[in-house]
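Pasting target-v2.txt here (compact mmCIF, C-alpha atoms):
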# COMPACT_ATOMS: atom_id res chain seq x y z
CA SER A 938 127.40 98.07 50.72
CA ALA A 939 125.55 101.20 49.68
CA ALA A 940 127.16 103.39 47.05
CA PRO A 941 128.57 106.65 48.45
CA SER A 942 126.18 109.54 48.00
CA PRO A 943 127.22 112.46 45.78
CA SER A 944 128.89 115.19 47.79
CA GLY A 945 126.53 117.72 49.29
CA THR A 946 123.35 115.68 49.06
CA SER A 947 123.29 114.67 52.71
CA SER A 948 123.17 118.29 53.87
CA ALA A 949 120.40 119.08 51.33
CA THR A 950 117.94 116.90 53.25
CA PRO A 951 117.83 118.03 56.87
CA SER A 952 116.19 115.85 59.48
CA ARG A 953 113.07 117.24 61.08
CA PRO A 954 113.73 119.18 64.28
CA GLY A 955 112.19 117.30 67.19
CA GLY A 956 111.70 114.18 65.06
CA GLN A 957 108.61 113.02 63.20
CA PRO A 958 105.31 113.90 64.89
CA SER A 959 102.32 111.57 65.08
CA TYR A 960 99.91 112.00 62.19
CA ASP A 961 97.07 110.30 64.06
CA ILE A 962 93.89 112.35 64.26
CA GLU A 963 90.80 111.81 66.39
CA THR A 964 87.64 111.00 64.41
CA PRO A 965 84.75 111.11 66.89
CA PRO A 966 81.40 109.74 65.68
CA LEU A 967 78.90 112.29 64.36
CA ASP A 968 76.31 113.48 66.85
CA LYS A 969 72.97 111.90 66.02
CA LEU A 970 70.62 114.78 65.35
CA VAL A 971 67.22 114.32 66.97
CA ILE A 972 64.55 115.24 64.43
CA PRO A 973 61.36 116.64 66.05
CA GLU A 974 58.15 114.71 65.44
CA GLY A 975 56.40 115.79 62.25
CA PHE A 976 59.52 117.45 60.90
CA SER A 977 60.39 116.33 57.34
CA VAL A 978 63.97 116.00 56.13
CA ALA A 979 62.94 115.03 52.58
CA PRO A 980 64.41 117.15 49.78
CA ILE A 981 62.24 120.01 48.50
CA PRO A 982 62.07 119.61 44.69
CA SER A 983 64.06 122.39 43.04
CA GLY A 984 62.51 124.74 40.48
CA ASP A 985 60.09 123.68 37.76
CA PRO A 986 59.30 119.93 37.81
CA ASN A 987 58.91 120.15 34.01
CA PHE A 988 62.31 121.80 33.48
CA VAL A 989 63.78 121.01 30.05
CA PRO A 990 67.54 121.54 29.53
CA GLY A 991 68.17 124.15 26.84
CA SER A 992 64.77 125.80 27.30
CA LEU A 993 66.05 128.73 29.40
CA TYR A 994 69.71 129.45 28.66
CA LYS A 995 70.19 131.24 25.32
CA GLY A 996 73.83 132.31 25.62
CA GLU A 997 77.01 131.13 23.91
CA LYS A 998 78.35 127.76 25.05
CA LEU A 999 81.72 126.45 26.18
CA THR A 1000 82.72 123.45 24.08
CA PHE A 1001 85.61 122.30 26.29
CA ARG A 1002 83.99 118.93 27.02
CA LYS A 1003 83.30 116.49 24.17
CA GLU A 1004 80.47 113.99 23.74
CA SER A 1005 82.89 111.10 24.28
CA ASP A 1006 84.28 112.40 27.60
CA GLY A 1007 83.76 110.34 30.74
CA ALA A 1008 81.99 111.57 33.86
CA GLY A 1009 84.02 114.42 35.37
CA GLN A 1010 87.10 113.62 33.26
CA PRO A 1011 87.98 116.19 32.21
CA ALA A 1012 86.14 118.29 34.77
CA VAL A 1013 84.64 121.74 34.29
CA GLY A 1014 84.24 123.47 37.66
CA MET A 1015 82.26 126.62 38.45
CA TRP A 1016 82.35 128.83 41.52
CA VAL A 1017 78.86 129.86 42.74
CA TRP A 1018 79.63 132.14 45.66
CA ASP A 1019 76.07 132.63 46.94
CA CYS A 1020 73.93 129.56 47.72
CA ARG A 1021 70.82 131.75 47.39
CA MET A 1022 71.31 131.47 43.63
CA ILE A 1023 69.81 127.97 43.80
CA ASN A 1024 66.39 129.52 44.47
CA GLY A 1025 66.82 132.81 42.61
CA THR A 1026 67.00 135.06 45.71
CA SER A 1027 70.62 136.24 45.48
CA PRO A 1028 70.99 140.04 45.18
CA ASP A 1029 74.00 139.40 42.91
CA SER A 1030 71.94 137.99 40.04
CA ASP A 1031 68.42 137.84 38.65
CA MET A 1032 68.93 134.26 37.43
CA SER A 1033 66.41 131.69 38.66
CA GLY A 1034 67.61 128.39 40.11
CA ASP A 1035 66.63 126.65 36.88
CA MET A 1036 68.47 129.27 34.80
CA LEU A 1037 71.56 128.64 36.91
CA LEU A 1038 71.21 124.90 36.33
CA ASP A 1039 70.63 125.35 32.59
CA THR A 1040 73.72 127.60 32.36
CA LEU A 1041 75.77 124.84 33.98
CA ILE A 1042 74.33 122.09 31.77
CA GLN A 1043 74.72 123.98 28.48
CA ASN A 1044 78.35 124.84 29.24
CA GLY A 1045 79.36 121.29 30.18
CA VAL A 1046 79.95 122.08 33.86
CA THR A 1047 80.55 118.90 35.90
CA GLU A 1048 80.91 120.36 39.41
CA ILE A 1049 80.16 123.52 41.35
CA TYR A 1050 81.65 125.06 44.48
CA LEU A 1051 78.71 126.55 46.35
CA GLY A 1052 79.24 129.34 48.89
CA MET A 1053 77.41 128.68 52.17
CA GLN A 1054 77.31 132.07 53.85
CA TYR A 1055 73.50 132.11 53.64
CA TYR A 1056 72.99 128.42 54.45
CA MET A 1057 71.37 127.40 57.73
CA ASP A 1058 72.21 123.85 58.76
CA LEU A 1059 69.45 121.61 60.09
CA GLU A 1060 70.69 121.55 63.68
CA THR A 1061 70.61 125.36 63.81
CA GLN A 1062 67.22 125.42 62.09
CA ILE A 1063 65.70 123.00 64.61
CA ALA A 1064 67.21 124.94 67.53
CA ASN A 1065 65.90 128.17 66.00
CA GLY A 1066 62.40 126.78 65.53
CA GLU A 1067 62.32 127.79 61.87
CA LEU A 1068 64.49 128.62 58.89
CA ARG A 1069 65.76 132.18 59.13
CA GLU A 1070 64.30 134.41 56.41
CA GLY A 1071 66.61 134.83 53.41
CA TYR A 1072 68.54 131.63 54.15
CA VAL A 1073 68.73 128.33 52.29
CA GLY A 1074 67.96 125.23 54.36
CA GLU A 1075 69.03 121.60 54.15
CA ARG A 1076 65.91 120.37 52.35
CA GLU A 1077 66.15 123.02 49.65
CA LEU A 1078 69.87 122.42 49.13
CA ARG A 1079 69.25 118.67 48.91
CA GLY A 1080 66.58 119.19 46.26
CA PHE A 1081 68.99 121.26 44.15
CA ILE A 1082 71.82 118.70 44.54
CA LYS A 1083 69.43 115.95 43.42
CA LYS A 1084 68.44 117.94 40.33
CA CYS A 1085 72.09 118.67 39.49
CA ALA A 1086 72.98 114.97 39.86
CA LYS A 1087 70.42 114.12 37.19
CA TYR A 1088 72.60 116.06 34.73
CA GLY A 1089 75.99 114.78 35.93
CA ILE A 1090 76.85 117.82 38.08
CA ARG A 1091 78.21 117.35 41.61
CA VAL A 1092 78.16 119.98 44.36
CA ALA A 1093 80.76 120.88 47.01
CA MET A 1094 80.51 123.29 49.91
CA LEU A 1095 82.73 126.33 49.22
CA THR A 1096 84.47 128.25 51.97
CA THR A 1097 87.59 130.37 52.41
CA MET A 1098 90.87 130.42 54.34
CA VAL A 1099 92.63 133.61 53.33
CA GLU A 1100 95.45 135.77 54.75
CA ASN A 1101 95.39 134.28 58.25
CA ALA A 1102 94.95 130.66 57.10
CA TYR A 1103 98.11 129.78 59.01
CA THR A 1104 96.20 130.22 62.29
CA GLN A 1105 94.01 127.29 61.16
CA TRP A 1106 97.00 124.98 60.62
CA ALA A 1107 98.91 125.49 63.85
CA ARG A 1108 99.41 122.39 65.98
CA LYS A 1109 97.90 122.68 69.47
CA ASP A 1110 98.51 120.77 72.70
CA ASP A 1111 94.74 120.21 72.89
CA GLU A 1112 93.84 118.31 69.74
CA SER A 1113 90.18 119.36 69.96
CA GLN A 1114 91.39 122.93 69.28
CA GLU A 1115 93.29 121.99 66.10
CA TYR A 1116 91.96 122.65 62.60
CA ARG A 1117 88.64 123.64 64.11
CA ALA A 1118 87.15 125.41 61.10
CA THR A 1119 88.04 122.67 58.61
CA LYS A 1120 86.81 119.92 60.93
CA ARG A 1121 83.55 121.80 61.44
CA TRP A 1122 83.01 122.10 57.67
CA VAL A 1123 83.82 118.43 57.07
CA ARG A 1124 81.46 117.31 59.82
CA LEU A 1125 78.75 119.66 58.54
CA VAL A 1126 78.96 117.93 55.14
CA ALA A 1127 79.13 114.44 56.68
CA ASP A 1128 76.11 115.23 58.85
CA PHE A 1129 74.19 116.58 55.84
CA ASN A 1130 75.07 113.42 53.88
CA SER A 1131 73.97 111.14 56.74
CA ARG A 1132 70.33 112.04 56.01
CA ALA A 1133 70.55 111.52 52.24
CA SER A 1134 68.37 108.78 50.76
CA GLY A 1135 70.96 108.20 47.99
CA ASP A 1136 74.29 109.41 46.60
CA ASP A 1137 72.40 111.85 44.35
CA GLU A 1138 71.44 113.84 47.47
CA LYS A 1139 74.96 114.24 48.89
CA LEU A 1140 77.54 117.01 48.83
CA TYR A 1141 80.79 115.46 47.60
CA GLY A 1142 83.12 117.53 49.70
CA VAL A 1143 84.53 120.75 51.09
CA HIS A 1144 86.26 123.11 48.65
CA ILE A 1145 88.46 125.73 50.32
CA ASP A 1146 89.67 128.93 48.67
CA LEU A 1147 93.18 128.96 50.14
CA GLU A 1148 95.06 132.25 49.89
CA PRO A 1149 97.36 132.67 52.89
CA ASP A 1150 100.20 135.15 53.21
CA TRP A 1151 102.77 132.36 53.05
CA GLU A 1152 105.88 134.47 53.54
CA LYS A 1153 104.88 137.23 55.97
CA GLY A 1154 102.06 135.59 57.95
CA GLY A 1155 102.48 134.09 61.40
CA ASP A 1156 105.94 132.70 62.15
CA GLY A 1157 107.06 132.96 58.54
CA LEU A 1158 107.39 130.77 55.49
CA GLN A 1159 109.03 127.62 56.85
CA THR A 1160 106.63 127.26 59.78
CA ASN A 1161 103.65 127.91 57.51
CA LEU A 1162 104.80 125.31 54.97
CA GLN A 1163 105.37 122.64 57.62
CA ASP A 1164 102.13 123.36 59.48
CA CYS A 1165 100.25 123.23 56.16
CA ALA A 1166 101.91 119.93 55.17
CA ASP A 1167 100.99 118.36 58.54
CA TYR A 1168 97.45 119.71 58.20
CA LEU A 1169 97.03 118.23 54.69
CA ILE A 1170 98.33 114.80 55.73
CA ARG A 1171 96.18 114.61 58.87
CA MET A 1172 93.04 116.14 57.36
CA ARG A 1173 93.17 113.65 54.48
CA LYS A 1174 92.83 110.86 57.08
CA TYR A 1175 90.02 112.78 58.79
CA CYS A 1176 88.12 113.36 55.55
CA ASP A 1177 88.51 109.76 54.39
CA TYR A 1178 87.00 108.62 57.70
CA TYR A 1179 83.89 110.76 57.16
CA GLY A 1180 83.67 110.08 53.40
CA VAL A 1181 84.17 113.73 52.46
CA GLU A 1182 86.59 115.03 49.80
CA LEU A 1183 88.81 117.96 50.74
CA ALA A 1184 89.91 120.12 47.81
CA PHE A 1185 91.48 123.55 47.52
CA ASP A 1186 91.90 126.27 45.02
CA VAL A 1187 95.48 127.44 45.38
CA ASN A 1188 97.46 130.40 44.15
CA ALA A 1189 99.62 129.85 41.09
CA PHE A 1190 102.59 131.40 42.89
CA LEU A 1191 103.34 128.49 45.20
CA LYS A 1192 107.02 127.80 44.54
CA GLU A 1193 108.41 124.35 43.81
CA GLU A 1194 111.44 125.07 46.01
CA TRP A 1195 109.20 125.65 49.06
CA LYS A 1196 109.66 122.44 51.05
CA ALA A 1197 108.39 120.61 54.11
CA PHE A 1198 108.76 117.17 55.69
CA ASP A 1199 106.13 114.66 54.60
CA GLU A 1200 104.79 111.67 56.55
CA THR A 1201 107.75 109.50 55.48
CA GLY A 1202 110.26 112.02 56.84
CA ALA A 1203 111.30 113.04 53.32
CA TYR A 1204 111.95 116.75 52.71
CA VAL A 1205 109.81 117.47 49.63
CA SER A 1206 108.19 120.30 47.69
CA ILE A 1207 104.93 121.55 49.20
CA LEU A 1208 103.47 120.86 45.73
CA ASP A 1209 104.26 117.18 46.26
CA VAL A 1210 102.35 117.19 49.56
CA PHE A 1211 99.33 119.02 48.10
CA THR A 1212 99.05 116.71 45.09
CA LYS A 1213 99.51 113.54 47.17
CA GLN A 1214 96.97 114.44 49.85
CA CYS A 1215 94.29 116.02 47.63
CA ARG A 1216 92.39 114.06 45.01
CA GLN A 1217 91.75 117.35 43.24
CA LEU A 1218 93.17 120.88 43.23
CA VAL A 1219 92.11 123.98 41.34
CA LEU A 1220 94.94 126.29 40.36
CA MET A 1221 94.14 130.00 40.12
CA SER A 1222 95.95 130.22 36.78
CA TYR A 1223 94.32 133.56 36.06
CA ARG A 1224 95.61 134.80 32.72
CA ARG A 1225 93.96 135.89 29.49
CA THR A 1226 95.32 133.29 27.04
CA ALA A 1227 95.38 129.49 27.03
CA GLU A 1228 99.18 129.45 26.78
CA GLU A 1229 99.64 131.73 29.78
CA GLN A 1230 97.11 129.76 31.84
CA TYR A 1231 98.93 126.55 30.94
CA ASP A 1232 102.36 128.03 31.71
CA LEU A 1233 101.15 129.03 35.18
CA GLY A 1234 100.29 125.34 35.66
CA ASP A 1235 103.97 124.42 35.52
CA PRO A 1236 105.21 122.64 37.66
CA GLU A 1237 101.88 121.83 39.40
CA LEU A 1238 100.67 119.83 36.38
CA SER A 1239 103.64 117.46 36.52
CA TYR A 1240 103.29 116.92 40.29
CA ALA A 1241 99.56 116.26 39.87
CA ALA A 1242 100.16 113.78 37.04
CA LYS A 1243 102.83 111.96 39.08
CA ASN A 1244 100.68 111.77 42.23
CA GLY A 1245 97.27 110.99 40.73
CA CYS A 1246 95.68 114.34 41.60
CA GLN A 1247 93.20 115.92 39.19
CA LEU A 1248 94.36 119.49 38.58
CA LEU A 1249 91.93 122.04 37.16
CA LEU A 1250 93.25 125.25 35.61
CA GLY A 1251 91.14 128.21 36.71
CA ALA A 1252 90.04 131.16 34.56
CA GLU A 1253 88.90 134.54 35.90
CA THR A 1254 85.79 136.05 34.27
CA GLY A 1255 85.12 138.87 36.76
CA ASP A 1256 83.95 142.28 35.59
CA THR A 1257 87.03 144.53 35.29
CA SER A 1258 85.28 147.34 37.16
CA GLY A 1259 85.08 145.15 40.27
CA LEU A 1260 88.72 144.06 40.26
CA PRO A 1261 91.78 145.82 41.74
CA PRO A 1262 93.83 147.67 39.07
CA GLY A 1263 96.57 145.03 39.16
CA GLU A 1264 94.10 142.24 38.33
CA ARG A 1265 92.18 143.83 35.49
CA SER A 1266 94.47 142.37 32.85
CA ILE A 1267 93.91 138.76 33.97
CA THR A 1268 90.15 138.45 33.42
CA TYR A 1269 88.46 137.22 30.24
CA TYR A 1270 85.54 139.61 30.86
CA PRO A 1271 86.43 142.32 28.29
CA MET A 1272 87.39 139.74 25.66
CA GLY A 1273 83.92 138.33 25.06
CA ALA A 1274 82.41 134.86 24.77
CA ALA A 1275 83.91 133.71 21.45
CA TYR A 1276 87.44 134.49 22.66
CA LEU A 1277 86.88 132.74 26.02
CA ILE A 1278 85.47 129.64 24.30
CA ASN A 1279 88.38 129.54 21.84
CA GLN A 1280 91.06 129.91 24.54
CA GLN A 1281 89.53 127.19 26.72
CA ASN A 1282 89.47 124.86 23.70
CA LYS A 1283 93.15 125.64 23.10
CA LEU A 1284 93.79 124.86 26.76
CA ARG A 1285 92.05 121.51 26.29
CA THR A 1286 94.46 120.71 23.44
CA LEU A 1287 97.47 121.68 25.59
CA LEU A 1288 96.24 119.45 28.43
CA ASP A 1289 95.43 116.53 26.10
CA GLU A 1290 98.84 116.72 24.42
CA SER A 1291 100.73 116.73 27.74
CA GLY A 1292 99.10 113.61 29.22
CA CYS A 1293 96.68 115.60 31.38
CA ALA A 1294 93.51 114.84 29.41
CA SER A 1295 91.60 113.86 32.57
CA PHE A 1296 92.28 117.19 34.33
CA GLY A 1297 90.12 120.17 33.34
CA ILE A 1298 89.24 123.81 33.90
CA ALA A 1299 87.27 125.92 36.39
CA LEU A 1300 85.52 129.25 35.86
CA HIS A 1301 85.46 132.05 38.43
CA HIS A 1302 82.58 132.76 38.76
CA VAL A 1303 79.06 132.09 37.48
CA VAL A 1304 77.62 135.63 37.67
CA PRO A 1305 80.13 137.41 35.37
CA PHE A 1306 80.49 134.21 33.30
CA TYR A 1307 76.75 134.35 32.55
CA THR A 1308 77.05 138.02 31.58
CA ILE A 1309 79.92 137.30 29.17
CA MET A 1310 78.11 134.38 27.54
CA THR A 1311 74.76 136.16 27.17
CA GLU A 1312 75.72 139.80 26.56
CA LYS A 1313 79.28 139.89 25.20
CA PRO A 1314 79.49 137.67 22.10
The structure given in the file should be rewritten as C-alpha cells.
Amino acid sequence: SAAPSPSGTSSATPSRPGGQPSYDIETPPLDKLVIPEGFSVAPIPSGDPNFVPGSLYKGEKLTFRKESDGAGQPAVGMWVWDCRMINGTSPDSDMSGDMLLDTLIQNGVTEIYLGMQYYMDLETQIANGELREGYVGERELRGFIKKCAKYGIRVAMLTTMVENAYTQWARKDDESQEYRATKRWVRLVADFNSRASGDDEKLYGVHIDLEPDWEKGGDGLQTNLQDCADYLIRMRKYCDYYGVELAFDVNAFLKEEWKAFDETGAYVSILDVFTKQCRQLVLMSYRRTAEEQYDLGDPELSYAAKNGCQLLLGAETGDTSGLPPGERSITYYPMGAAYLINQQNKLRTLLDESGCASFGIALHHVVPFYTIMTEKP
C-alpha cells in the first residue's frame, strides 16, 4: 500500500474547481490567398547586393559569443521595435538597413524581435491595391529575412500584451473569440511562411512583450495565473500545428510561489508552466551589473534548465533621458560600451558555470545600443 503522506501536504494541493477543462484547440486551415495575375511574391533583395560584413559598422563589439559556439546556442537577441529600420526609413534612427544588419553581425546577434506596427500584410496590400506609403510589405520583409539568414540571424515578429493582457487570456463560451490577438499573429506568420521558397525566407515565430498587471488586473491574481496557464498550454498546441514558435519576454518579478493547475492537474508554479510550454523565454533582468542580472534570473534559470527552455537574460540599454525616473538606474546607457561588453562577458561566465551555457542574452534595444557602441566607448 502507498506510504502515508506527510501531514499537511494533501491540503497544499487543492483540486481544480470545476474539474480539469479540455485543452483542445481548433486549428482551422489557413485561408488560401488568391494572388492577382502579374503580382509577384518573390522577395525584394535587401540593401546593397555587394554588402560586405564589417564594411559599415565601426563601433565597439560585444564578445559574448565565441567562435566555437553552435548556431543560436548561446543566443544573442536584439529588439528592433520599428520594422522600417530594415530599409532605413524609421524616424527613430538614421541607420540604413545594411548598417542595421552589420551592427547585428558584428555583435554576434543570432535573432531579432522585429516590431510590426508599420508592416502591411499581403492580404491587406492586395485588398488596398498597393502598399501604403511608409509601410514595409511582405516582399521587402522576406528579402531582409533572407539576407539575415545568410549570416545566421533569425527573425521573429514582435508584438505586445501589456497591462490588460488578461483580457486576451480569458476563456470564452465561443472558442472563435478566445485568444484572438495571439491567434491572428500566429496565423499572420504562418501565412507569410506559406509563400516562402525556403526556410531562409521564413519568420521563426511570434515574440510577445508580456507585461500584465498580474495582481490588480481583471479578476485578480489567481484568475490571471490560471487563465495564463491555460492559454500557454493551448497556444503551444496551436503554434505547433502551424509551425510557429511562441516566445515571450517576461518581467523578472514573476514569483515562484504564484501557482496554477497544469494540464496534468498538478498545482505548480507559473514559472513551471511558462518554461514547459515555451521553447524560449527572455527575462527582463534589467540591472546594471552581470551579477544583478544573473540574480534576477533566479529561480527562472533553474526552471528553464529543468524543462528544456532556452532562457535569455535581457539587458536594458535605453537612453536615461527617455526612461521614467525609477528605471534610470537599470540601463547600461550611461556606463559606456567597454563596461557593457565586460558585464555581458561576466554574465556568460556565470551562465556557463551554472549549466546554462546554451542560454544567452538579449539587448533592449538596437537604437540606443548602437549609440552606446559607436559614441560612448
Selection near A:Val1187, 9 Å with all atoms listed in the file, sequence-local residues under 4 positions removed, as a ChimeraX atom specification: /A:1145-1148,1191,1218-1221
Selection: 9 Å around A:Tyr1175, all atoms listed in the file, excl. self and same-chain fewer than 4 positions, as an MDAnalysis selection string: chainID A and resid 962:964 1120 1123 1171 1179:1181
Between atom CA of A:Ile1298 and atom CA of A:Leu1183, distance in Å (one decimal):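 About the pair atom CA of A:Ile1298 and atom CA of A:Leu1183: they are 17.8 Å apart.
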Residue contacts of stretch 1060-1068 of chain A (8 Å, only C-alpha atoms) excluding same-chain residues fewer than 5 positions away, as a PDB file with C-alpha atoms, in the coordinates of the input:
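Heads up, here's the output in around-v4.pdb:
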ATOM      1  CA  LEU A 970      70.620 114.780  65.350  1.00  0.00           C
ATOM      2  CA  ILE A 972      64.550 115.240  64.430  1.00  0.00           C
ATOM      3  CA  PRO A 973      61.360 116.640  66.050  1.00  0.00           C
ATOM      4  CA  VAL A1073      68.730 128.330  52.290  1.00  0.00           C
ATOM      5  CA  GLY A1074      67.960 125.230  54.360  1.00  0.00           C
TER       6      GLY A1074
END
Polymer residues at most 10 Å from A:Thr1160, only C-alpha atoms, same-chain spacing of 4 or more positions, as a ChimeraX atom specification: /A:1103,1106-1107,1151-1152,1154-1156,1164-1166,1197
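Interatomic distance, atom CA of A:Leu1249 to atom CA of A:Phe1306: 17.1 Å.
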Which stretch 1001-1027 of chain A residues have any atom within 6 Å of an atom of stretch 1284-1297 of chain A, and for each, what is the nearest pair of atoms with distance in Å to one decimal, counting all atoms listed in the file, rows sorted by chain and number, as JSON lines?
{"residue": "A:Gln1010", "atom": "CA", "partner": "A:Ser1295", "partner_atom": "CA", "distance": 4.6}
{"residue": "A:Pro1011", "atom": "CA", "partner": "A:Ser1295", "partner_atom": "CA", "distance": 4.3}
{"residue": "A:Ala1012", "atom": "CA", "partner": "A:Gly1297", "partner_atom": "CA", "distance": 4.6}
{"residue": "A:Val1013", "atom": "CA", "partner": "A:Gly1297", "partner_atom": "CA", "distance": 5.8}
Among the residues A:Leu1125, A:Leu1158, A:Leu1037, A:Ile981, the one that comes closest to A:Leu1078 [using all atoms listed in the file]: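 Looking at the shortest contact to A:Leu1078, the residue is A:Ile981.
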